[in-house]
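Chemist: This is run-v4.txt (compact mmCIF, C-alpha atoms and all ligand atoms).
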```
# COMPACT_ATOMS: atom_id res chain seq x y z
CA MET A 940 -0.53 -46.44 -46.69
CA ALA A 941 -0.45 -43.85 -43.91
CA ALA A 942 -3.49 -44.06 -41.65
CA ALA A 943 -6.12 -41.44 -42.34
CA ASP A 944 -6.00 -38.57 -39.89
CA PRO A 945 -9.47 -38.34 -38.29
CA ASP A 946 -9.14 -34.56 -37.99
CA CYS A 947 -8.01 -33.99 -41.57
CA LEU A 948 -10.45 -32.40 -44.00
CA PHE A 949 -8.86 -33.90 -47.11
CA CYS A 950 -8.68 -37.38 -45.53
CA LYS A 951 -12.44 -37.05 -45.11
CA ILE A 952 -12.83 -36.12 -48.78
CA VAL A 953 -10.62 -39.09 -49.76
CA ALA A 954 -12.83 -41.36 -47.59
CA GLY A 955 -16.00 -39.93 -49.12
CA GLU A 956 -17.15 -38.61 -45.75
CA ILE A 957 -17.31 -35.03 -47.04
CA PRO A 958 -18.64 -34.38 -50.54
CA ALA A 959 -16.38 -33.00 -53.24
CA THR A 960 -16.59 -32.55 -56.99
CA ILE A 961 -14.10 -35.22 -57.99
CA VAL A 962 -12.55 -34.94 -61.44
CA VAL A 963 -9.93 -37.72 -61.48
CA GLN A 964 -9.09 -40.57 -59.16
CA ASP A 965 -6.61 -43.39 -59.27
CA GLU A 966 -4.90 -45.77 -56.86
CA ARG A 967 -2.77 -43.12 -55.21
CA THR A 968 -4.52 -39.81 -55.80
CA ILE A 969 -7.77 -37.88 -56.00
CA ALA A 970 -8.30 -34.59 -57.85
CA PHE A 971 -11.28 -32.44 -56.94
CA MET A 972 -12.50 -28.89 -57.38
CA ASP A 973 -11.45 -26.19 -54.92
CA ILE A 974 -14.53 -24.64 -53.28
CA ASN A 975 -12.86 -21.20 -53.21
CA PRO A 976 -11.58 -21.12 -56.76
CA ALA A 977 -8.85 -18.64 -57.63
CA THR A 978 -10.04 -18.92 -61.23
CA ARG A 979 -12.72 -20.99 -62.99
CA GLY A 980 -11.65 -24.64 -62.98
CA HIS A 981 -9.24 -24.45 -60.01
CA ALA A 982 -8.59 -28.05 -58.90
CA LEU A 983 -6.60 -29.71 -56.13
CA VAL A 984 -4.70 -32.99 -56.44
CA VAL A 985 -4.05 -34.90 -53.22
CA PRO A 986 -2.49 -38.23 -52.31
CA ARG A 987 -4.93 -40.70 -50.77
CA ALA A 988 -2.36 -41.37 -48.05
CA HIS A 989 -2.25 -38.64 -45.44
CA ALA A 990 0.96 -36.59 -45.58
CA ARG A 991 1.20 -33.15 -44.04
CA ASP A 992 3.25 -31.42 -46.69
CA LEU A 993 6.06 -31.66 -49.23
CA HIS A 994 8.44 -32.92 -46.58
CA GLU A 995 6.20 -35.79 -45.52
CA ILE A 996 4.78 -37.03 -48.82
CA GLU A 997 6.24 -40.28 -50.19
CA THR A 998 8.17 -39.71 -53.40
CA GLU A 999 5.94 -42.18 -55.28
CA ASP A 1000 2.86 -40.27 -54.18
CA LEU A 1001 4.43 -36.97 -55.22
CA ALA A 1002 5.12 -38.43 -58.67
CA ALA A 1003 1.53 -39.69 -58.89
CA VAL A 1004 0.19 -36.26 -57.88
CA ALA A 1005 2.40 -34.61 -60.52
CA ALA A 1006 1.11 -36.93 -63.24
CA VAL A 1007 -2.53 -36.18 -62.37
CA ALA A 1008 -1.78 -32.45 -62.15
CA LYS A 1009 -0.41 -32.65 -65.68
CA LEU A 1010 -3.55 -34.43 -66.91
CA VAL A 1011 -5.89 -31.94 -65.24
CA ALA A 1012 -3.83 -29.02 -66.59
CA ALA A 1013 -4.12 -30.39 -70.12
CA ARG A 1014 -7.90 -30.63 -69.73
CA GLN A 1015 -8.07 -27.07 -68.42
CA LEU A 1016 -6.49 -25.89 -71.67
CA GLU A 1017 -8.52 -28.18 -73.94
CA ARG A 1018 -11.90 -28.00 -72.24
CA LEU A 1019 -12.04 -24.74 -70.32
CA GLY A 1020 -10.14 -22.58 -72.76
CA ALA A 1021 -7.35 -21.75 -70.33
CA ALA A 1022 -4.29 -20.11 -71.81
CA GLY A 1023 -1.89 -21.24 -69.08
CA VAL A 1024 -1.72 -23.08 -65.76
CA ASN A 1025 -0.10 -22.42 -62.39
CA LEU A 1026 0.87 -25.40 -60.26
CA LEU A 1027 1.24 -24.37 -56.65
CA ASN A 1028 2.03 -26.25 -53.47
CA SER A 1029 2.16 -24.44 -50.16
CA SER A 1030 4.15 -26.28 -47.49
CA GLY A 1031 4.04 -24.66 -44.08
CA ARG A 1032 2.05 -21.78 -42.62
CA ALA A 1033 4.73 -19.33 -43.71
CA ALA A 1034 4.09 -20.47 -47.28
CA TRP A 1035 0.28 -19.94 -46.96
CA GLN A 1036 -0.62 -23.59 -46.26
CA THR A 1037 -4.01 -23.77 -44.51
CA VAL A 1038 -5.01 -27.43 -44.99
CA PHE A 1039 -2.34 -29.77 -43.68
CA HIS A 1040 -2.80 -32.66 -46.10
CA PHE A 1041 -0.48 -32.26 -49.08
CA HIS A 1042 -2.20 -30.79 -52.12
CA MET A 1043 -1.15 -29.41 -55.46
CA HIS A 1044 -3.23 -26.51 -56.70
CA VAL A 1045 -3.86 -26.70 -60.45
CA ILE A 1046 -5.01 -23.22 -61.38
CA PRO A 1047 -6.03 -22.51 -64.95
CA ARG A 1048 -5.05 -19.06 -66.16
CA TYR A 1049 -6.95 -17.07 -68.74
CA ALA A 1050 -5.55 -14.35 -70.91
CA ASP A 1051 -5.48 -11.15 -68.87
CA ASP A 1052 -7.22 -12.70 -65.83
CA PRO A 1053 -6.91 -10.54 -62.72
CA LEU A 1054 -5.41 -13.21 -60.44
CA ARG A 1055 -2.47 -12.15 -58.30
CA LEU A 1056 -0.74 -14.21 -55.60
CA PRO A 1057 -1.57 -14.79 -52.85
CA TRP A 1058 -5.22 -14.75 -53.85
CA ALA A 1059 -7.90 -14.02 -51.24
CA PRO A 1060 -9.99 -17.21 -50.97
CA ALA A 1061 -13.70 -16.54 -51.40
CA PRO A 1062 -16.51 -19.04 -51.85
CA GLY A 1063 -17.24 -19.85 -55.47
CA ASP A 1064 -20.62 -20.40 -57.09
CA MET A 1065 -21.26 -24.11 -56.43
CA ASP A 1066 -23.24 -24.62 -59.66
CA ASP A 1067 -20.39 -23.20 -61.70
CA ILE A 1068 -17.80 -25.21 -59.74
CA SER A 1069 -19.80 -28.37 -60.49
CA ALA A 1070 -20.12 -27.41 -64.15
CA ALA A 1071 -16.37 -26.82 -64.49
CA GLY A 1072 -15.74 -30.09 -62.62
CA ALA A 1073 -17.99 -31.97 -65.03
CA GLU A 1074 -16.02 -30.53 -67.95
CA LEU A 1075 -12.75 -31.72 -66.38
CA ALA A 1076 -13.95 -35.20 -65.44
CA GLN A 1077 -13.38 -38.32 -67.63
P1 LIG B 1 -3.81 -24.10 -48.97
O1 LIG B 1 -4.22 -22.76 -48.43
O2 LIG B 1 -3.54 -25.07 -47.84
O3 LIG B 1 -2.70 -24.06 -49.97
O4 LIG B 1 -5.05 -24.63 -49.80
C1 LIG B 1 -6.18 -25.20 -49.22
C2 LIG B 1 -7.26 -25.12 -50.26
O5 LIG B 1 -8.33 -25.97 -49.87
C3 LIG B 1 -7.85 -23.71 -50.41
O6 LIG B 1 -7.68 -23.25 -51.74
C4 LIG B 1 -9.31 -23.90 -50.03
O7 LIG B 1 -10.17 -23.13 -50.84
C5 LIG B 1 -9.54 -25.38 -50.24
N1 LIG B 1 -10.56 -25.93 -49.38
C6 LIG B 1 -10.73 -25.67 -48.05
N2 LIG B 1 -11.78 -26.38 -47.58
C7 LIG B 1 -12.26 -27.10 -48.63
C8 LIG B 1 -13.35 -28.03 -48.75
O8 LIG B 1 -14.09 -28.34 -47.81
N3 LIG B 1 -13.55 -28.57 -49.99
C9 LIG B 1 -12.77 -28.23 -51.06
N4 LIG B 1 -13.07 -28.82 -52.23
N5 LIG B 1 -11.74 -27.37 -50.97
C10 LIG B 1 -11.49 -26.81 -49.77
ZN ZN B 2 -5.22 -36.09 -44.46
```
Would you mind writing the file's structure down as structure tokens?
Modeler:
Amino acid sequence: MAAADPDCLFCKIVAGEIPATIVVQDERTIAFMDINPATRGHALVVPRAHARDLHEIETEDLAAVAAVAKLVAARQLERLGAAGVNLLNSSGRAAWQTVFHFHMHVIPRYADDPLRLPWAPAPGDMDDISAAGAELAQ
């Protein structure tokens, strides 16, 4: 596995050094709630192994991330009442990437929600983020 990058925010979440509302974890991946949710239930899936972006991630890790994204997306429909899901990966500053540890956004979409891309990140209500995370966990 790639060594954790000591300056990487998501490596710190993977290592448990920074708290996160984790919804799924397995050998290769962790899924947790985004603290600036684009919509209610917005989650991120990351590989445990540090990789900067789509170009650096191992293919096996990408497949593992995709499988967890699919699981989380299904739960967003079943448990949060979402009507659709956007999967989004930003690779490179020009593509809006701001955290340079690969992540797949799993964004539940609700009928007629106002979300437009790129969304303007704004802090979410932590109690509601935790509540949505609890609904998506297990
Ligand atoms: P990017 O802009 O790189 O595609 O996405 C980075 C995402 O990470 C953003 O949606 C942002 O809200 C989220 N984020 C940034 N810092 C933290 C943090 O400390 N915890 C969590 N859970 N999400 C974060
Ligand atoms: Zn990292």
Chemist: Which residue gives the smallest distance to ligand ZN 2 (chain B) among A:Thr968, A:Asn975, A:Ser1069, A:Asn1025, with only C-alpha atoms and all ligand atoms counted?
Modeler: A:Thr968
Chemist: List all protein, DNA and RNA residues that have at least one atom no more than 6 Å from any atom of ligand LIG 1 (chain B), counting only C-alpha atoms and all ligand atoms, and write them as a JSON list (two decimals) with C-alpha atoms, keeping the file's coordinate frame.
Modeler:
```
[["chain", "number", "residue", "atom", "x", "y", "z"],
["A", 959, "ALA", "CA", -16.38, -33.00, -53.24],
["A", 972, "MET", "CA", -12.50, -28.89, -57.38],
["A", 973, "ASP", "CA", -11.45, -26.19, -54.92],
["A", 974, "ILE", "CA", -14.53, -24.64, -53.28],
["A", 975, "ASN", "CA", -12.86, -21.20, -53.21],
["A", 1029, "SER", "CA", 2.16, -24.44, -50.16],
["A", 1035, "TRP", "CA", 0.28, -19.94, -46.96],
["A", 1036, "GLN", "CA", -0.62, -23.59, -46.26],
["A", 1037, "THR", "CA", -4.01, -23.77, -44.51],
["A", 1038, "VAL", "CA", -5.01, -27.43, -44.99],
["A", 1060, "PRO", "CA", -9.99, -17.21, -50.97]]
```
Chemist: Give one line per residue of chain A that approaches ligand ZN 2 (chain B) to at most 8 Å, naming the two atoms of the closest pair and their distance in Å to one decimal, counting only C-alpha atoms and all ligand atoms; sort by chain then ascending residue number and deliver it as a tab-separated table.
Modeler:
```
residue	atom	partner	partner_atom	distance
A:Ala943	CA	B:ZN2	ZN	5.8
A:Asp944	CA	B:ZN2	ZN	5.3
A:Pro945	CA	B:ZN2	ZN	7.8
A:Asp946	CA	B:ZN2	ZN	7.7
A:Cys947	CA	B:ZN2	ZN	4.5
A:Leu948	CA	B:ZN2	ZN	6.4
A:Phe949	CA	B:ZN2	ZN	5.0
A:Cys950	CA	B:ZN2	ZN	3.8
A:Lys951	CA	B:ZN2	ZN	7.3
A:Arg987	CA	B:ZN2	ZN	7.8
A:Ala988	CA	B:ZN2	ZN	7.0
A:His989	CA	B:ZN2	ZN	4.0
A:Ala990	CA	B:ZN2	ZN	6.3
A:Arg991	CA	B:ZN2	ZN	7.1
A:Phe1039	CA	B:ZN2	ZN	7.0
A:His1040	CA	B:ZN2	ZN	4.5
A:Phe1041	CA	B:ZN2	ZN	7.6
```
Chemist: Closest to A:Asp992 among A:Leu1075, A:Ala1034, A:Ala1021, A:Val1045, using only C-alpha atoms?
Modeler: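 Looking only at the distances to A:Asp992, the closest residue turns out to be A:Ala1034.
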Chemist: Mind giving me the straight-line distance from atom CA of A:Gly980 to atom CA of A:Glu966 in Å, one decimal?
Modeler: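 For atom CA of A:Gly980 relative to atom CA of A:Glu966, the distance reads 23.0 Å.
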Chemist: Rounded to one decimal in Å, what is the spacing between atom CA of A:Pro1047 and atom CA of A:Leu993?
Modeler: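 Separation between atom CA of A:Pro1047 and atom CA of A:Leu993: 21.8 Å.
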Chemist: Using all atoms listed in the file, which residues sit within 9 Å of stretch 1050-1054 of chain A once same-chain residues fewer than 5 positions away are excluded, as a list in words?
Modeler: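 The residues that qualify are Ala977, Thr978, Ala1021, Ala1022 and Gly1023 of chain A.
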Chemist: For each of A:Leu1026, A:Leu1056, A:Ala1073, A:Ala1006, take the minimum atom-to-atom distance to A:Leu983, counting all atoms listed in the file, then give the residue where this is smallest.
Modeler: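 Closest residue, counting all atoms listed in the file: A:Leu1026.
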Chemist: So which one's closest to A:Ile1068, A:Arg979, A:Asp1000, A:Arg967, A:Pro958? Using only C-alpha atoms, please.
Modeler: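 Counting only C-alpha atoms, the residue closest to A:Ile1068 is A:Arg979.
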Chemist: Could you tell me how far atom CA of A:Ala1071 lies from atom CA of A:Leu1019, in Å and to one decimal?
Modeler: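 Computing the Euclidean distance for atom CA of A:Ala1071 and atom CA of A:Leu1019 yields 7.6 Å.
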Chemist: Nearest to A:Val1004 among A:Arg1048, A:His981, A:His1042, A:Arg1032, with distances taken over only C-alpha atoms: which residue is it?
Modeler: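 Looking at the shortest contact to A:Val1004, the residue is A:His1042.
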Chemist: Give me the residues within 6 Å of stretch 960-963 of chain A as a list of chain:residue names, counting all atoms listed in the file and dropping any in the same chain fewer than 6 places off.
Modeler: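 In the requested format, the answer is A:Ile969, A:Ala970, A:Phe971, A:Met972, A:Gly1072, A:Leu1075, A:Ala1076.
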Chemist: Find, counting only C-alpha atoms, the residue in A:Val1007, A:Gly1020, A:Glu1074, A:Asn1028 that gets nearest to A:His994.
Modeler: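 Smallest distance to A:His994 is found for A:Asn1028.
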